[in-house]
Amino acid sequence: MSRPLRIEVAGQTDVGRKRNHNEDNFAIFAEFGLYVVADGMGGHASGEVASKMAVDTLQEFFAATSEDPERTWPYKMDRSKGYEENRLITGIKLCNLRIYEAAQRNTKQRGMGTTLVSLFAVEDGVYVAHVGDSRVYRIRDSKIEQLTEDHSLLNDYKKMKHLTEEEIANFPHKNVIVRALGMKDTVKVDTRFELPRAGDTMVLCTDGLSGPVPDEDILRLTHQSPDLSTAASRLIDAANVAGGPDNVTCVLARWIE
């Protein structure tokens with residue numbers, strides 16, 4: 001019988017070089033095996049309200065459902081998915097509704113929203129869930145693979161039009177997101193299930209990291225760091241050296257025997 005893998009986690013956030021305040025949030029809820037990164041948007045600093053609301057709501061929902069698994073959920077379960085996947089999706093849908101309702105009530109917060117990526121480690125593997133263009137990468141056997149698909153206008157165009165590298169580089173609406181929490185009263189959450197192996201590292205990050213820092217640099221810096229905290233610092237430094245155009249946040253999780 002192989003022993004279950006342990007998970008080590010580290011996270012860090014930074015305002016970057018161009019912004020005057022940080023609208024990103026991240027959380028490591030080790031007690032639930034839940035790791036979250038959120039990139040807020042909206043004027044009047046309401047982006048940070050939205051990203052914090054997402055993180056807090058998810059924690060609250062997971063705490064409530066841990067204490068009382070029979071508790072009535074705000075959304076119906078999808079019968080094609082198991083309990084844990086439904087729990088994650090429902091928590092994120094609840095975040096969406098809370099942000100949307102808060103924005104409807106307060107004119108200053110109208111239009112606020114946030115991306116969200118999360119990992120939820122369960123007994124037999126890990127669920128990845130996301131909304132928006134924040135990403136999850138997996139580093140395995142010296143290779144890096146993006147496990148999420150950006151919910152962005154650029155990505156939609158890439159799929160429809162097969163853009164060249166030059167067209168991608170010059171795309172005028174790079175930061176337009178087609179799906180986020182808080183945009184509408186309902187949201188579709190993308191999920192996938194992964195079976196981690198010993199030595200796998202997953203990197204959750206906002207586009208403040210994945211934009212300026214190429215995937216191969218994320219791979220190299222993570223690989224060459226003695227531990228995850230150092231890796232998180234080096235990734236953030238790399239984003240800032242590349243201009244730090246945005247707030248930058250990452251959470252790294254590593255599976256070890």
# chains A, B, ... in the order shown; residues from 1 in each chain; ligands from 1
>>> residues_around(residues="A:Ala30", least_positions_apart="3", cutoff="10 Å", atoms="only C-alpha atoms", output="PDB file with N, CA and C atoms, in the first residue's frame")
ATOM      1  N   ILE A   7       1.154  17.418   1.346  1.00  0.00           N
ATOM      2  CA  ILE A   7       1.187  18.620   0.507  1.00  0.00           C
ATOM      3  C   ILE A   7       1.892  19.738   1.271  1.00  0.00           C
ATOM      4  N   GLU A   8       2.880  20.331   0.618  1.00  0.00           N
ATOM      5  CA  GLU A   8       3.498  21.555   1.146  1.00  0.00           C
ATOM      6  C   GLU A   8       2.950  22.720   0.333  1.00  0.00           C
ATOM      7  N   VAL A   9       2.716  23.860   0.991  1.00  0.00           N
ATOM      8  CA  VAL A   9       2.139  25.010   0.282  1.00  0.00           C
ATOM      9  C   VAL A   9       2.822  26.303   0.721  1.00  0.00           C
ATOM     10  N   ALA A  27      -5.424  32.649  -0.427  1.00  0.00           N
ATOM     11  CA  ALA A  27      -5.650  32.014   0.872  1.00  0.00           C
ATOM     12  C   ALA A  27      -5.195  30.570   0.823  1.00  0.00           C
ATOM     13  N   GLY A  33      -7.729  21.591   2.896  1.00  0.00           N
ATOM     14  CA  GLY A  33      -6.985  21.236   1.678  1.00  0.00           C
ATOM     15  C   GLY A  33      -7.386  22.121   0.515  1.00  0.00           C
ATOM     16  N   LEU A  34      -7.704  23.403   0.838  1.00  0.00           N
ATOM     17  CA  LEU A  34      -8.238  24.333  -0.160  1.00  0.00           C
ATOM     18  C   LEU A  34      -7.283  25.508  -0.319  1.00  0.00           C
ATOM     19  N   TYR A  35      -6.912  25.784  -1.579  1.00  0.00           N
ATOM     20  CA  TYR A  35      -5.955  26.857  -1.879  1.00  0.00           C
ATOM     21  C   TYR A  35      -6.548  27.734  -2.965  1.00  0.00           C
ATOM     22  N   PHE A 120      -8.525  21.966  -4.624  1.00  0.00           N
ATOM     23  CA  PHE A 120      -9.172  21.338  -3.478  1.00  0.00           C
ATOM     24  C   PHE A 120      -8.675  19.895  -3.423  1.00  0.00           C
ATOM     25  N   ALA A 121      -7.784  19.638  -2.467  1.00  0.00           N
ATOM     26  CA  ALA A 121      -7.186  18.306  -2.337  1.00  0.00           C
ATOM     27  C   ALA A 121      -8.137  17.397  -1.568  1.00  0.00           C
TER      28      ALA A 121
END
>>> closest_atom_pairs(of="stretch 133-229 of chain A", to="stretch 101-115 of chain A", cutoff="8 Å", atoms="only C-alpha atoms", output="JSON lines")
{"residue": "A:Asp133", "atom": "CA", "partner": "A:Thr115", "partner_atom": "CA", "distance": 6.6}
{"residue": "A:Ser134", "atom": "CA", "partner": "A:Thr115", "partner_atom": "CA", "distance": 6.3}
{"residue": "A:Ala180", "atom": "CA", "partner": "A:Thr115", "partner_atom": "CA", "distance": 5.1}
{"residue": "A:Leu181", "atom": "CA", "partner": "A:Thr114", "partner_atom": "CA", "distance": 5.2}
{"residue": "A:Gly182", "atom": "CA", "partner": "A:Gly113", "partner_atom": "CA", "distance": 4.6}
{"residue": "A:Met183", "atom": "CA", "partner": "A:Gly113", "partner_atom": "CA", "distance": 6.2}
{"residue": "A:Asp185", "atom": "CA", "partner": "A:Glu101", "partner_atom": "CA", "distance": 7.7}
>>> residues_around(residues="A:Asp141", least_positions_apart="5", cutoff="10 Å", atoms="only C-alpha atoms", output="ChimeraX atom specification")
/A:199-201
>>> write_last_selection(atoms="C-alpha atoms", output="mmCIF file, in the first residue's frame")
data_model
loop_
_atom_site.group_PDB
_atom_site.id
_atom_site.type_symbol
_atom_site.label_atom_id
_atom_site.label_comp_id
_atom_site.auth_asym_id
_atom_site.auth_seq_id
_atom_site.Cartn_x
_atom_site.Cartn_y
_atom_site.Cartn_z
ATOM 1 C CA GLY A 199 7.195 15.614 -6.837
ATOM 2 C CA ASP A 200 4.385 17.408 -8.703
ATOM 3 C CA THR A 201 4.122 21.137 -8.073
#
>>> atom_distance(atom1="atom CA of A:Arg19", atom2="atom CA of A:Cys250")
17.2 Å
>>> residues_around(residues="A:Leu116", least_positions_apart="6", cutoff="10 Å", atoms="only C-alpha atoms", output="ChimeraX atom specification")
/A:24-26,36-40,51,54-55,92,95-96,129-135,180-181,189,204-206
>>> residues_around(residues="A:Ile89", least_positions_apart="4", cutoff="12 Å", atoms="only C-alpha atoms", output="ChimeraX atom specification")
/A:58,61-62,73-78,81-85,93-96,116-120,127-131,186-192
>>> residues_around(residues="stretch 228-233 of chain A", least_positions_apart="4", cutoff="9 Å", atoms="only C-alpha atoms", output="number ranges by chain")
A: 8-13, 221-224, 237-238, 249-254
>>> select_by_dssp(residues="stretch 18-222 of chain A", states="helix (DSSP H, G or I)", output="PyMOL selection string")
chain A and resi 46-67+83-105+107-109+153-161+165-169+207-210+215-222
>>> write_last_selection(atoms="C-alpha atoms", output="JSON list (two decimals), in the first residue's frame")
[["chain", "number", "residue", "atom", "x", "y", "z"],
["A", 46, "SER", "CA", -13.62, 47.66, -5.26],
["A", 47, "GLY", "CA", -11.58, 44.93, -6.99],
["A", 48, "GLU", "CA", -9.96, 44.13, -3.67],
["A", 49, "VAL", "CA", -13.40, 44.06, -2.04],
["A", 50, "ALA", "CA", -14.52, 41.47, -4.61],
["A", 51, "SER", "CA", -11.40, 39.27, -4.34],
["A", 52, "LYS", "CA", -11.51, 39.33, -0.53],
["A", 53, "MET", "CA", -15.23, 38.56, -0.56],
["A", 54, "ALA", "CA", -14.55, 35.53, -2.78],
["A", 55, "VAL", "CA", -11.85, 34.18, -0.45],
["A", 56, "ASP", "CA", -13.92, 34.83, 2.71],
["A", 57, "THR", "CA", -17.13, 33.34, 1.29],
["A", 58, "LEU", "CA", -15.34, 30.18, 0.19],
["A", 59, "GLN", "CA", -13.80, 29.75, 3.64],
["A", 60, "GLU", "CA", -17.15, 30.32, 5.31],
["A", 61, "PHE", "CA", -18.93, 27.80, 3.06],
["A", 62, "PHE", "CA", -16.24, 25.14, 3.56],
["A", 63, "ALA", "CA", -16.27, 25.68, 7.33],
["A", 64, "ALA", "CA", -20.07, 25.39, 7.47],
["A", 65, "THR", "CA", -20.16, 22.24, 5.31],
["A", 66, "SER", "CA", -17.31, 20.63, 7.28],
["A", 67, "GLU", "CA", -19.19, 21.02, 10.54],
["A", 83, "TYR", "CA", -19.96, 15.38, -3.46],
["A", 84, "GLU", "CA", -16.56, 17.09, -3.19],
["A", 85, "GLU", "CA", -16.61, 18.55, -6.71],
["A", 86, "ASN", "CA", -20.15, 19.81, -6.12],
["A", 87, "ARG", "CA", -19.03, 21.33, -2.84],
["A", 88, "LEU", "CA", -16.27, 23.31, -4.57],
["A", 89, "ILE", "CA", -18.51, 24.48, -7.44],
["A", 90, "THR", "CA", -21.29, 25.47, -5.04],
["A", 91, "GLY", "CA", -18.87, 27.47, -2.88],
["A", 92, "ILE", "CA", -17.65, 29.40, -5.92],
["A", 93, "LYS", "CA", -21.19, 30.03, -7.19],
["A", 94, "LEU", "CA", -22.02, 31.43, -3.77],
["A", 95, "CYS", "CA", -18.98, 33.76, -3.99],
["A", 96, "ASN", "CA", -20.29, 34.95, -7.35],
["A", 97, "LEU", "CA", -23.76, 35.70, -6.02],
["A", 98, "ARG", "CA", -22.46, 37.56, -2.94],
["A", 99, "ILE", "CA", -20.20, 39.78, -5.05],
["A", 100, "TYR", "CA", -22.94, 40.42, -7.61],
["A", 101, "GLU", "CA", -25.49, 41.33, -4.92],
["A", 102, "ALA", "CA", -23.04, 43.62, -3.10],
["A", 103, "ALA", "CA", -22.31, 45.42, -6.38],
["A", 104, "GLN", "CA", -26.04, 45.87, -7.06],
["A", 105, "ARG", "CA", -26.55, 47.41, -3.61],
["A", 107, "THR", "CA", -23.22, 52.15, -6.70],
["A", 108, "LYS", "CA", -19.51, 52.66, -5.87],
["A", 109, "GLN", "CA", -18.99, 48.91, -6.28],
["A", 153, "LEU", "CA", -11.36, 37.52, -25.27],
["A", 154, "LEU", "CA", -7.83, 36.79, -26.50],
["A", 155, "ASN", "CA", -8.24, 33.07, -25.84],
["A", 156, "ASP", "CA", -11.63, 33.04, -27.60],
["A", 157, "TYR", "CA", -10.01, 34.68, -30.64],
["A", 158, "LYS", "CA", -7.10, 32.24, -30.54],
["A", 159, "LYS", "CA", -9.53, 29.33, -30.73],
["A", 160, "MET", "CA", -11.66, 30.82, -33.50],
["A", 161, "LYS", "CA", -9.09, 32.53, -35.64],
["A", 165, "GLU", "CA", 2.37, 34.93, -32.51],
["A", 166, "GLU", "CA", 2.56, 38.51, -33.82],
["A", 167, "GLU", "CA", -1.23, 38.92, -33.82],
["A", 168, "ILE", "CA", -1.33, 37.58, -30.26],
["A", 169, "ALA", "CA", 1.39, 40.03, -29.17],
["A", 207, "ASP", "CA", -2.09, 37.20, -14.87],
["A", 208, "GLY", "CA", 0.33, 39.57, -13.12],
["A", 209, "LEU", "CA", 2.68, 36.56, -13.14],
["A", 210, "SER", "CA", 1.63, 34.58, -16.24],
["A", 215, "ASP", "CA", 5.97, 29.56, -18.80],
["A", 216, "GLU", "CA", 9.52, 28.22, -19.17],
["A", 217, "ASP", "CA", 10.76, 30.83, -16.65],
["A", 218, "ILE", "CA", 8.04, 29.82, -14.20],
["A", 219, "LEU", "CA", 9.23, 26.23, -14.63],
["A", 220, "ARG", "CA", 12.93, 27.10, -14.22],
["A", 221, "LEU", "CA", 12.52, 29.37, -11.18],
["A", 222, "THR", "CA", 10.29, 26.86, -9.41]]
